[in-house]
file query-v2.cif (mmCIF, C-alpha atoms and all ligand atoms)
data_input
#
loop_
_atom_site.group_PDB
_atom_site.id
_atom_site.type_symbol
_atom_site.label_atom_id
_atom_site.label_comp_id
_atom_site.auth_asym_id
_atom_site.auth_seq_id
_atom_site.Cartn_x
_atom_site.Cartn_y
_atom_site.Cartn_z
ATOM 1 C CA MET A 30 -0.640 181.781 -92.157
ATOM 2 C CA ASP A 31 -3.981 183.316 -93.094
ATOM 3 C CA ASP A 32 -4.327 186.952 -94.120
ATOM 4 C CA ARG A 33 -8.131 187.053 -94.000
ATOM 5 C CA PRO A 34 -9.619 189.491 -91.450
ATOM 6 C CA ILE A 35 -11.275 188.628 -88.137
ATOM 7 C CA GLY A 36 -14.957 189.646 -88.002
ATOM 8 C CA VAL A 37 -16.319 191.118 -84.780
ATOM 9 C CA PHE A 38 -19.887 192.150 -84.093
ATOM 10 C CA ASP A 39 -22.039 193.673 -81.431
ATOM 11 C CA SER A 40 -25.504 195.173 -81.150
ATOM 12 C CA GLY A 41 -23.863 198.610 -81.258
ATOM 13 C CA VAL A 42 -20.758 200.366 -80.006
ATOM 14 C CA GLY A 43 -20.092 198.201 -76.927
ATOM 15 C CA GLY A 44 -18.106 195.536 -78.770
ATOM 16 C CA LEU A 45 -15.448 198.138 -79.464
ATOM 17 C CA THR A 46 -14.071 197.216 -76.009
ATOM 18 C CA VAL A 47 -13.291 193.820 -77.565
ATOM 19 C CA VAL A 48 -11.759 195.450 -80.659
ATOM 20 C CA LYS A 49 -9.530 197.497 -78.350
ATOM 21 C CA GLU A 50 -8.266 194.342 -76.636
ATOM 22 C CA LEU A 51 -7.862 192.459 -79.915
ATOM 23 C CA ARG A 52 -5.783 195.319 -81.287
ATOM 24 C CA THR A 53 -3.545 195.249 -78.196
ATOM 25 C CA GLN A 54 -3.070 191.484 -78.204
ATOM 26 C CA LEU A 55 -3.074 190.950 -81.989
ATOM 27 C CA PRO A 56 -1.507 194.078 -83.534
ATOM 28 C CA HIS A 57 -1.042 192.470 -86.972
ATOM 29 C CA GLU A 58 -4.518 191.083 -87.561
ATOM 30 C CA ASP A 59 -6.991 192.855 -89.853
ATOM 31 C CA LEU A 60 -10.337 193.461 -88.131
ATOM 32 C CA ILE A 61 -13.814 194.052 -89.540
ATOM 33 C CA TYR A 62 -16.365 195.289 -87.016
ATOM 34 C CA PHE A 63 -20.118 195.442 -87.414
ATOM 35 C CA GLY A 64 -22.223 197.466 -84.933
ATOM 36 C CA ASP A 65 -25.976 196.981 -85.350
ATOM 37 C CA THR A 66 -26.687 200.544 -84.242
ATOM 38 C CA ALA A 67 -30.067 200.646 -85.981
ATOM 39 C CA ARG A 68 -31.428 197.748 -83.941
ATOM 40 C CA VAL A 69 -29.684 198.145 -80.570
ATOM 41 C CA PRO A 70 -30.525 197.215 -77.803
ATOM 42 C CA TYR A 71 -30.605 193.432 -78.092
ATOM 43 C CA GLY A 72 -30.833 193.026 -74.309
ATOM 44 C CA SER A 73 -34.587 193.578 -74.198
ATOM 45 C CA LYS A 74 -35.413 191.531 -77.328
ATOM 46 C CA SER A 75 -36.681 187.974 -77.708
ATOM 47 C CA VAL A 76 -34.563 184.930 -78.543
ATOM 48 C CA PRO A 77 -35.736 184.464 -82.184
ATOM 49 C CA VAL A 78 -35.097 188.126 -82.962
ATOM 50 C CA ILE A 79 -31.619 188.107 -81.407
ATOM 51 C CA ARG A 80 -30.757 184.926 -83.350
ATOM 52 C CA ARG A 81 -32.041 186.327 -86.604
ATOM 53 C CA PHE A 82 -30.112 189.603 -86.289
ATOM 54 C CA SER A 83 -26.964 187.736 -85.248
ATOM 55 C CA LEU A 84 -27.201 185.402 -88.235
ATOM 56 C CA GLU A 85 -27.686 188.284 -90.672
ATOM 57 C CA ILE A 86 -24.565 189.957 -89.356
ATOM 58 C CA THR A 87 -22.581 186.709 -89.423
ATOM 59 C CA ARG A 88 -23.580 186.289 -93.076
ATOM 60 C CA PHE A 89 -22.473 189.848 -93.781
ATOM 61 C CA LEU A 90 -19.088 189.220 -92.134
ATOM 62 C CA GLU A 91 -18.694 185.958 -94.058
ATOM 63 C CA SER A 92 -19.333 187.915 -97.263
ATOM 64 C CA GLN A 93 -16.292 189.985 -96.232
ATOM 65 C CA ARG A 94 -14.207 186.762 -96.218
ATOM 66 C CA VAL A 95 -13.523 186.679 -92.474
ATOM 67 C CA LYS A 96 -11.580 183.734 -91.042
ATOM 68 C CA MET A 97 -13.377 183.888 -87.691
ATOM 69 C CA VAL A 98 -16.410 185.597 -86.138
ATOM 70 C CA VAL A 99 -16.160 187.069 -82.644
ATOM 71 C CA VAL A 100 -19.552 187.647 -81.046
ATOM 72 C CA ALA A 101 -18.540 190.597 -78.869
ATOM 73 C CA CYS A 102 -22.092 191.070 -77.565
ATOM 74 C CA ASN A 103 -22.923 189.222 -74.344
ATOM 75 C CA THR A 104 -26.615 189.035 -75.220
ATOM 76 C CA ALA A 105 -25.941 187.523 -78.654
ATOM 77 C CA SER A 106 -23.330 185.179 -77.143
ATOM 78 C CA ALA A 107 -25.807 184.028 -74.498
ATOM 79 C CA LEU A 108 -28.649 183.385 -76.933
ATOM 80 C CA ALA A 109 -27.216 182.767 -80.377
ATOM 81 C CA LEU A 110 -23.711 181.308 -80.084
ATOM 82 C CA ASP A 111 -24.518 177.622 -80.594
ATOM 83 C CA PHE A 112 -27.005 178.545 -83.311
ATOM 84 C CA LEU A 113 -24.352 180.590 -85.167
ATOM 85 C CA ARG A 114 -21.767 177.822 -84.791
ATOM 86 C CA ARG A 115 -24.122 175.414 -86.507
ATOM 87 C CA GLN A 116 -24.688 177.864 -89.360
ATOM 88 C CA SER A 117 -21.157 179.080 -90.004
ATOM 89 C CA SER A 118 -18.155 177.424 -91.612
ATOM 90 C CA VAL A 119 -15.634 179.581 -89.712
ATOM 91 C CA PRO A 120 -14.908 179.405 -85.950
ATOM 92 C CA VAL A 121 -17.346 181.503 -83.891
ATOM 93 C CA ILE A 122 -16.052 182.776 -80.549
ATOM 94 C CA GLY A 123 -18.298 184.234 -77.840
ATOM 95 C CA VAL A 124 -17.555 186.232 -74.714
ATOM 96 C CA ILE A 125 -19.154 183.951 -72.123
ATOM 97 C CA ASP A 126 -16.722 181.049 -71.726
ATOM 98 C CA PRO A 127 -13.683 183.356 -71.518
ATOM 99 C CA GLY A 128 -15.420 185.434 -68.814
ATOM 100 C CA VAL A 129 -16.467 182.382 -66.819
ATOM 101 C CA ARG A 130 -12.969 180.880 -66.952
ATOM 102 C CA ALA A 131 -11.469 184.159 -65.757
ATOM 103 C CA ALA A 132 -13.950 184.372 -62.873
ATOM 104 C CA LEU A 133 -13.028 180.859 -61.735
ATOM 105 C CA ALA A 134 -9.291 181.266 -62.329
ATOM 106 C CA HIS A 135 -8.574 181.033 -58.613
ATOM 107 C CA GLU A 136 -9.312 177.821 -56.804
ATOM 108 C CA GLN A 137 -10.718 179.627 -53.754
ATOM 109 C CA VAL A 138 -13.451 181.499 -55.653
ATOM 110 C CA ARG A 139 -16.840 180.373 -54.290
ATOM 111 C CA ALA A 140 -19.230 183.330 -54.689
ATOM 112 C CA VAL A 141 -19.598 184.870 -58.157
ATOM 113 C CA GLY A 142 -21.902 187.677 -59.246
ATOM 114 C CA VAL A 143 -23.043 188.191 -62.845
ATOM 115 C CA ILE A 144 -24.555 191.426 -64.125
ATOM 116 C CA GLY A 145 -25.889 191.875 -67.659
ATOM 117 C CA THR A 146 -28.914 192.673 -69.787
ATOM 118 C CA GLN A 147 -32.347 191.174 -69.132
ATOM 119 C CA ALA A 148 -31.915 188.662 -71.983
ATOM 120 C CA THR A 149 -28.438 187.575 -70.858
ATOM 121 C CA ILE A 150 -29.468 187.020 -67.248
ATOM 122 C CA ARG A 151 -32.743 185.345 -68.211
ATOM 123 C CA SER A 152 -30.893 182.899 -70.504
ATOM 124 C CA GLU A 153 -28.890 181.609 -67.486
ATOM 125 C CA ALA A 154 -25.969 181.085 -69.871
ATOM 126 C CA TYR A 155 -23.443 182.402 -67.342
ATOM 127 C CA GLN A 156 -25.075 180.809 -64.318
ATOM 128 C CA SER A 157 -25.173 177.321 -65.875
ATOM 129 C CA ARG A 158 -21.571 177.460 -67.098
ATOM 130 C CA LEU A 159 -20.302 178.651 -63.726
ATOM 131 C CA LEU A 160 -22.093 175.808 -61.956
ATOM 132 C CA ARG A 161 -20.915 173.271 -64.509
ATOM 133 C CA LEU A 162 -17.303 174.212 -63.842
ATOM 134 C CA ARG A 163 -17.658 174.639 -60.077
ATOM 135 C CA ALA A 164 -20.693 172.892 -58.667
ATOM 136 C CA ASP A 165 -20.331 174.300 -55.154
ATOM 137 C CA CYS A 166 -20.072 177.881 -56.311
ATOM 138 C CA GLN A 167 -22.758 180.386 -55.281
ATOM 139 C CA VAL A 168 -23.992 182.434 -58.218
ATOM 140 C CA VAL A 169 -25.901 185.695 -57.869
ATOM 141 C CA ALA A 170 -27.182 187.120 -61.154
ATOM 142 C CA LYS A 171 -28.781 190.505 -61.669
ATOM 143 C CA ALA A 172 -30.110 192.245 -64.762
ATOM 144 C CA CYS A 173 -29.137 195.922 -64.827
ATOM 145 C CA PRO A 174 -30.972 197.336 -67.867
ATOM 146 C CA LEU A 175 -30.436 201.027 -67.076
ATOM 147 C CA LEU A 176 -26.657 200.765 -67.137
ATOM 148 C CA VAL A 177 -26.442 200.574 -70.955
ATOM 149 C CA PRO A 178 -28.213 203.913 -71.581
ATOM 150 C CA ILE A 179 -26.284 205.501 -68.711
ATOM 151 C CA VAL A 180 -23.009 204.599 -70.421
ATOM 152 C CA GLU A 181 -24.238 205.545 -73.897
ATOM 153 C CA GLU A 182 -25.475 208.918 -72.636
ATOM 154 C CA ASN A 183 -22.089 209.567 -71.017
ATOM 155 C CA LEU A 184 -23.610 209.732 -67.525
ATOM 156 C CA VAL A 185 -20.999 207.490 -65.896
ATOM 157 C CA ALA A 186 -19.659 210.163 -63.550
ATOM 158 C CA THR A 187 -23.037 211.543 -62.448
ATOM 159 C CA PRO A 188 -25.415 210.940 -59.520
ATOM 160 C CA ILE A 189 -27.683 209.035 -61.931
ATOM 161 C CA ALA A 190 -25.024 206.332 -62.277
ATOM 162 C CA THR A 191 -24.476 206.275 -58.506
ATOM 163 C CA LEU A 192 -28.207 205.803 -57.900
ATOM 164 C CA ALA A 193 -28.507 203.066 -60.509
ATOM 165 C CA LEU A 194 -25.534 201.169 -59.064
ATOM 166 C CA GLU A 195 -27.016 201.491 -55.571
ATOM 167 C CA MET A 196 -30.352 200.149 -56.828
ATOM 168 C CA TYR A 197 -28.862 197.195 -58.715
ATOM 169 C CA LEU A 198 -25.786 196.281 -56.716
ATOM 170 C CA ALA A 199 -26.785 196.800 -53.067
ATOM 171 C CA GLU A 200 -27.862 193.155 -52.716
ATOM 172 C CA LEU A 201 -24.661 191.955 -54.402
ATOM 173 C CA ARG A 202 -22.518 194.014 -52.019
ATOM 174 C CA ASP A 203 -24.105 192.184 -49.097
ATOM 175 C CA ARG A 204 -23.264 188.768 -50.580
ATOM 176 C CA ARG A 205 -19.473 188.998 -50.077
ATOM 177 C CA LEU A 206 -18.650 188.091 -53.656
ATOM 178 C CA ASP A 207 -15.200 186.874 -54.690
ATOM 179 C CA ALA A 208 -15.723 187.929 -58.308
ATOM 180 C CA LEU A 209 -18.247 189.883 -60.353
ATOM 181 C CA ILE A 210 -18.534 189.225 -64.094
ATOM 182 C CA LEU A 211 -19.295 192.385 -66.083
ATOM 183 C CA ALA A 212 -21.434 190.435 -68.543
ATOM 184 C CA CYS A 213 -22.284 193.299 -70.853
ATOM 185 C CA THR A 214 -20.134 195.184 -73.331
ATOM 186 C CA HIS A 215 -20.939 198.511 -71.683
ATOM 187 C CA TYR A 216 -20.056 197.735 -68.092
ATOM 188 C CA PRO A 217 -16.250 197.947 -68.407
ATOM 189 C CA LEU A 218 -16.805 201.692 -68.725
ATOM 190 C CA LEU A 219 -18.363 201.639 -65.248
ATOM 191 C CA LYS A 220 -15.601 199.486 -63.803
ATOM 192 C CA GLU A 221 -14.187 202.169 -61.492
ATOM 193 C CA ALA A 222 -17.609 203.167 -60.174
ATOM 194 C CA ILE A 223 -18.585 199.524 -59.602
ATOM 195 C CA ALA A 224 -15.276 198.781 -57.866
ATOM 196 C CA ALA A 225 -15.712 201.821 -55.618
ATOM 197 C CA PHE A 226 -19.266 200.754 -54.779
ATOM 198 C CA LEU A 227 -18.434 197.122 -53.984
ATOM 199 C CA GLY A 228 -15.204 197.846 -52.132
ATOM 200 C CA THR A 229 -12.045 195.744 -52.086
ATOM 201 C CA GLY A 230 -12.056 191.958 -52.247
ATOM 202 C CA VAL A 231 -14.272 191.605 -55.327
ATOM 203 C CA THR A 232 -12.408 190.893 -58.577
ATOM 204 C CA LEU A 233 -14.159 192.502 -61.522
ATOM 205 C CA ILE A 234 -14.051 190.356 -64.657
ATOM 206 C CA ASP A 235 -13.977 192.179 -67.963
ATOM 207 C CA SER A 236 -14.722 189.634 -70.691
ATOM 208 C CA ALA A 237 -13.045 191.714 -73.417
ATOM 209 C CA GLU A 238 -9.510 190.906 -72.252
ATOM 210 C CA GLU A 239 -10.267 187.210 -71.826
ATOM 211 C CA THR A 240 -12.014 186.978 -75.170
ATOM 212 C CA ALA A 241 -9.015 188.455 -76.985
ATOM 213 C CA ARG A 242 -6.851 185.832 -75.277
ATOM 214 C CA GLU A 243 -9.159 183.050 -76.473
ATOM 215 C CA VAL A 244 -9.131 184.440 -80.029
ATOM 216 C CA THR A 245 -5.320 184.352 -79.963
ATOM 217 C CA GLU A 246 -5.353 180.736 -78.768
ATOM 218 C CA VAL A 247 -7.820 179.631 -81.449
ATOM 219 C CA LEU A 248 -5.853 181.379 -84.207
ATOM 220 C CA GLN A 249 -2.694 179.630 -83.080
ATOM 221 C CA ALA A 250 -4.314 176.225 -82.592
ATOM 222 C CA ARG A 251 -5.879 176.351 -86.065
ATOM 223 C CA ARG A 252 -2.737 177.862 -87.621
ATOM 224 C CA ILE A 253 -4.652 180.786 -89.065
ATOM 225 C CA THR A 254 -2.696 183.705 -87.585
ATOM 226 C CA GLY A 255 -2.109 186.642 -89.926
ATOM 227 C CA PRO A 256 1.170 187.933 -91.366
ATOM 228 C CA ALA A 257 3.353 189.560 -88.704
ATOM 229 C CA ASP A 258 5.194 191.955 -90.995
ATOM 230 C CA ARG A 259 2.684 194.843 -91.037
ATOM 231 C CA PRO A 260 0.199 196.605 -88.738
ATOM 232 C CA GLY A 261 -3.359 195.244 -88.924
ATOM 233 C CA THR A 262 -6.107 197.299 -90.558
ATOM 234 C CA GLU A 263 -9.593 198.053 -89.224
ATOM 235 C CA GLU A 264 -12.894 198.529 -90.991
ATOM 236 C CA PHE A 265 -16.039 199.552 -89.151
ATOM 237 C CA TYR A 266 -19.556 198.964 -90.449
ATOM 238 C CA VAL A 267 -22.807 200.140 -88.897
ATOM 239 C CA SER A 268 -26.502 199.796 -89.682
ATOM 240 C CA ASP A 269 -27.261 203.433 -88.752
ATOM 241 C CA SER A 270 -25.541 206.808 -88.597
ATOM 242 C CA PRO A 271 -21.736 206.503 -88.833
ATOM 243 C CA GLU A 272 -21.370 209.904 -87.125
ATOM 244 C CA ALA A 273 -23.250 208.821 -83.985
ATOM 245 C CA PHE A 274 -21.265 205.575 -83.932
ATOM 246 C CA MET A 275 -17.977 207.443 -84.020
ATOM 247 C CA ARG A 276 -19.032 209.895 -81.302
ATOM 248 C CA VAL A 277 -20.471 207.339 -78.876
ATOM 249 C CA GLY A 278 -17.879 204.689 -79.741
ATOM 250 C CA GLU A 279 -14.727 206.628 -78.925
ATOM 251 C CA PRO A 280 -14.737 205.945 -75.166
ATOM 252 C CA PHE A 281 -15.245 202.231 -75.887
ATOM 253 C CA LEU A 282 -12.362 202.064 -78.328
ATOM 254 C CA GLY A 283 -10.230 204.285 -76.117
ATOM 255 C CA ARG A 284 -8.965 206.361 -79.009
ATOM 256 C CA PRO A 285 -10.320 208.695 -81.662
ATOM 257 C CA MET A 286 -12.027 207.067 -84.638
ATOM 258 C CA ARG A 287 -11.242 209.824 -87.144
ATOM 259 C CA GLN A 288 -8.941 207.581 -89.118
ATOM 260 C CA VAL A 289 -11.323 204.667 -89.395
ATOM 261 C CA PHE A 290 -13.450 203.770 -92.332
ATOM 262 C CA VAL A 291 -17.161 203.754 -91.468
ATOM 263 C CA GLU A 292 -19.571 202.535 -94.063
ATOM 264 C CA HIS A 293 -23.341 202.584 -94.065
ATOM 265 C CA VAL A 294 -24.557 199.102 -94.971
ATOM 266 C CA TRP A 295 -28.179 199.452 -93.945
ATOM 267 C CA LYS A 296 -29.486 199.177 -97.489
ATOM 268 C CA ARG A 297 -26.802 197.341 -99.342
ATOM 269 C CA ASP A 298 -25.893 194.426 -97.124
ATOM 270 C CA LEU A 299 -28.669 193.940 -94.597
ATOM 271 C CA GLY A 300 -31.382 194.465 -97.215
ATOM 272 C CA LEU A 301 -33.427 196.596 -94.822
ATOM 273 C CA GLY A 302 -33.365 200.027 -96.466
ATOM 274 C CA PRO A 303 -36.211 201.787 -98.266
ATOM 275 C CA ASP A 304 -35.174 200.232 -101.588
ATOM 276 C CA ALA A 305 -35.068 196.707 -100.184
ATOM 277 C CA THR A 306 -37.656 194.179 -99.103
ATOM 278 C CA PRO A 307 -39.159 195.377 -95.805
ATOM 279 C CA LEU A 308 -38.908 193.194 -92.678
HETATM 280 N N1 LIG B 401 -24.079 194.580 -76.348
HETATM 281 C C1 LIG B 401 -25.082 194.217 -75.373
HETATM 282 C C2 LIG B 401 -24.500 193.144 -74.444
HETATM 283 O O1 LIG B 401 -23.303 193.018 -74.284
HETATM 284 C C3 LIG B 401 -25.552 195.405 -74.571
HETATM 285 C C4 LIG B 401 -26.408 196.349 -75.365
HETATM 286 C C5 LIG B 401 -27.702 195.717 -75.858
HETATM 287 O O2 LIG B 401 -28.629 195.497 -75.054
HETATM 288 O O3 LIG B 401 -27.771 195.454 -77.037
HETATM 289 O O4 LIG B 401 -25.238 192.421 -73.844
#
call {"tool": "encode", "arguments": {"input": "query-v2.cif", "output": "structure tokens", "more": "lines below"}}
Ligand code: DGL
result
Amino acid sequence: MDDRPIGVFDSGVGGLTVVKELRTQLPHEDLIYFGDTARVPYGSKSVPVIRRFSLEITRFLESQRVKMVVVACNTASALALDFLRRQSSVPVIGVIDPGVRAALAHEQVRAVGVIGTQATIRSEAYQSRLLRLRADCQVVAKACPLLVPIVEENLVATPIATLALEMYLAELRDRRLDALILACTHYPLLKEAIAAFLGTGVTLIDSAEETAREVTEVLQARRITGPADRPGTEEFYVSDSPEAFMRVGEPFLGRPMRQVFVEHVWKRDLGLGPDATPL
């Protein structure tokens, strides 16, 4: 048994979809979340920058004595996971392998779509893993950069979202996909709209659920599950306004965040505030 918390991070609020699933599947584990709200989005940034930010956050979580780091951000998972694994002494879990396994869960799956940020799609992390596991599978990948701001601005149920989905997904609808991986933290909030657009027959893969399952397996395999005699706690850290994080984050977490502890670590722990060494 191991009562240390699990660390989870994302470029912003999106990783709260993973926290929500972790809470459902692991009700007794303590969770520490870091949302890099000051530096979001990662999806349009370069590889060295994404790696550097991801490592800084991993170091911060390690300073909080976490027993595992969950990279809830698809972009950071695509570009920094192996790098972080080499740098960290605790297990580091990403969202890509769980999503790929879920997409290929059925033997008959042959055509898989992947949608994500520019950086995720450009990295080919999903495409290469899918082809490694199923060589004869057809993979169609599409970057959908406008979907993140549409979700963050709460425009999911508006004609703007409908137009964006039409623009990005029309070519995928014509490809008769068996499964579509929602390879971005924000897309689960568009799941209904995407399902309605693509019609029946396409299984939508939400990596959050699968990632929580993998975290459970790793905890059990390494015998580091937490005590089961009390509800798990949650601490939320951000690199910019806690108020904005709470407001935008609620739909991702699926419940109000009034009770949660939000701390501003911009100066103290990332060393990026006005009193610290500038970047
Ligand atoms: N969290 C990012 C991801 O899942 C989306 C937002 C961003 O671009 O930082 O890829």
call {"tool": "residues_around", "arguments": {"input": "query-v2.cif", "residues": "Leu282 in chain A", "least_positions_apart": "3", "cutoff": "6 Å", "atoms": "all atoms listed in the file", "output": "PDB file with C-alpha atoms, keeping the file's coordinate frame"}}
result
ATOM      1  CA  LEU A  45     -15.448 198.138 -79.464  1.00  0.00           C
ATOM      2  CA  THR A  46     -14.071 197.216 -76.009  1.00  0.00           C
ATOM      3  CA  LYS A  49      -9.530 197.497 -78.350  1.00  0.00           C
ATOM      4  CA  GLU A 279     -14.727 206.628 -78.925  1.00  0.00           C
TER       5      GLU A 279
END
call {"tool": "residues_near_point", "arguments": {"input": "query-v2.cif", "point": "(-17.3, 188.2, -91.3)", "cutoff": "9 Å", "atoms": "all atoms listed in the file", "output": "list of chain:residue names"}}
result
A:Pro34, A:Ile35, A:Gly36, A:Val37, A:Phe38, A:Ile61, A:Tyr62, A:Phe63, A:Ile86, A:Thr87, A:Arg88, A:Phe89, A:Leu90, A:Glu91, A:Ser92, A:Gln93, A:Arg94, A:Val95, A:Lys96, A:Met97, A:Val98, A:Val99, A:Val119
call {"tool": "resolve_selection", "arguments": {"input": "query-v2.cif", "expression": "the PyMOL selection byres (((not hetatm)) within 6 of (chain B and resi 401))", "output": "ChimeraX atom specification"}}
result
/A:39-40,43,69-72,102-104,146,213-214
call {"tool": "closest_residue", "arguments": {"input": "query-v2.cif", "among": "A:Pro120, A:Arg52, A:Thr66, A:Pro217", "to": "Ile253 in chain A", "atoms": "all atoms listed in the file"}}
result
A:Pro120
call {"tool": "atom_distance", "arguments": {"input": "query-v2.cif", "atom1": "CA of Thr191 in chain A", "atom2": "CA of Ala273 in chain A"}}
result
25.6 Å
call {"tool": "closest_residue", "arguments": {"input": "query-v2.cif", "among": "A:Val169, A:Ser106, A:Pro280, A:Gln54", "to": "Leu206 in chain A", "atoms": "only C-alpha atoms"}}
result
A:Val169
call {"tool": "axis_aligned_box", "arguments": {"input": "query-v2.cif", "around": "range 162-176 of chain A", "padding_each_side": "8 Å", "output": "JSON"}}
result
{"center_x": -24.1, "center_y": 187.0, "center_z": -61.5, "size_x": 29.7, "size_y": 44.1, "size_z": 28.7}
call {"tool": "resolve_selection", "arguments": {"input": "query-v2.cif", "expression": "the PyMOL selection byres (((chain A and resi 132) around 8) and not hetatm)", "output": "MDAnalysis selection string"}}
result
chainID A and resid 128:131 133:135 138 141 208:210 232 234
call {"tool": "atom_distance", "arguments": {"input": "query-v2.cif", "atom1": "CA of Glu181 in chain A", "atom2": "CA of Asp59 in chain A"}}
result
26.7 Å
call {"tool": "residues_around", "arguments": {"input": "query-v2.cif", "residues": "Leu194 in chain A", "least_positions_apart": "2", "cutoff": "10 Å", "atoms": "only C-alpha atoms", "output": "list of chain:residue names"}}
result
A:Cys173, A:Leu175, A:Leu176, A:Pro188, A:Ile189, A:Ala190, A:Thr191, A:Leu192, A:Met196, A:Tyr197, A:Leu198, A:Ala199, A:Leu219, A:Ala222, A:Ile223, A:Phe226, A:Leu227
call {"tool": "atom_distance", "arguments": {"input": "query-v2.cif", "atom1": "CA of Tyr266 in chain A", "atom2": "CA of Asp65 in chain A"}}
result
8.4 Å
call {"tool": "residues_around", "arguments": {"input": "query-v2.cif", "residues": "Lys74 in chain A", "least_positions_apart": "5", "cutoff": "9 Å", "atoms": "all atoms listed in the file", "output": "ChimeraX atom specification"}}
result
/A:79,147-148
call {"tool": "resolve_selection", "arguments": {"input": "query-v2.cif", "expression": "the PyMOL selection byres (((chain A and resi 153) around 12) and not hetatm)", "output": "ChimeraX atom specification"}}
result
/A:103-104,106-108,125,143-152,154-161,168-172,212
call {"tool": "closest_residue", "arguments": {"input": "query-v2.cif", "among": "A:Leu60, A:Ala67, A:Asp126, A:Glu195", "to": "Val48 in chain A", "atoms": "only C-alpha atoms"}}
result
A:Leu60
call {"tool": "closest_residue", "arguments": {"input": "query-v2.cif", "among": "A:Val180, A:Arg202, A:Asp207, A:Val231", "to": "Gln167 in chain A", "atoms": "only C-alpha atoms"}}
result
A:Asp207
call {"tool": "closest_residue", "arguments": {"input": "query-v2.cif", "among": "A:Glu85, A:Glu58, A:Glu263, A:Asp235", "to": "Lys220 in chain A", "atoms": "only C-alpha atoms"}}
result
A:Asp235
call {"tool": "residues_around", "arguments": {"input": "query-v2.cif", "residues": "Thr53 in chain A", "least_positions_apart": "5", "cutoff": "10 Å", "atoms": "only C-alpha atoms", "output": "PDB file with C-alpha atoms, in the coordinates of the input"}}
result
ATOM      1  CA  VAL A  47     -13.291 193.820 -77.565  1.00  0.00           C
ATOM      2  CA  VAL A  48     -11.759 195.450 -80.659  1.00  0.00           C
ATOM      3  CA  GLU A 238      -9.510 190.906 -72.252  1.00  0.00           C
ATOM      4  CA  ALA A 241      -9.015 188.455 -76.985  1.00  0.00           C
TER       5      ALA A 241
END
call {"tool": "closest_residue", "arguments": {"input": "query-v2.cif", "among": "A:Ser117, A:Glu246, A:Leu218, A:Gly142", "to": "Gly283 in chain A", "atoms": "only C-alpha atoms"}}
result
A:Leu218
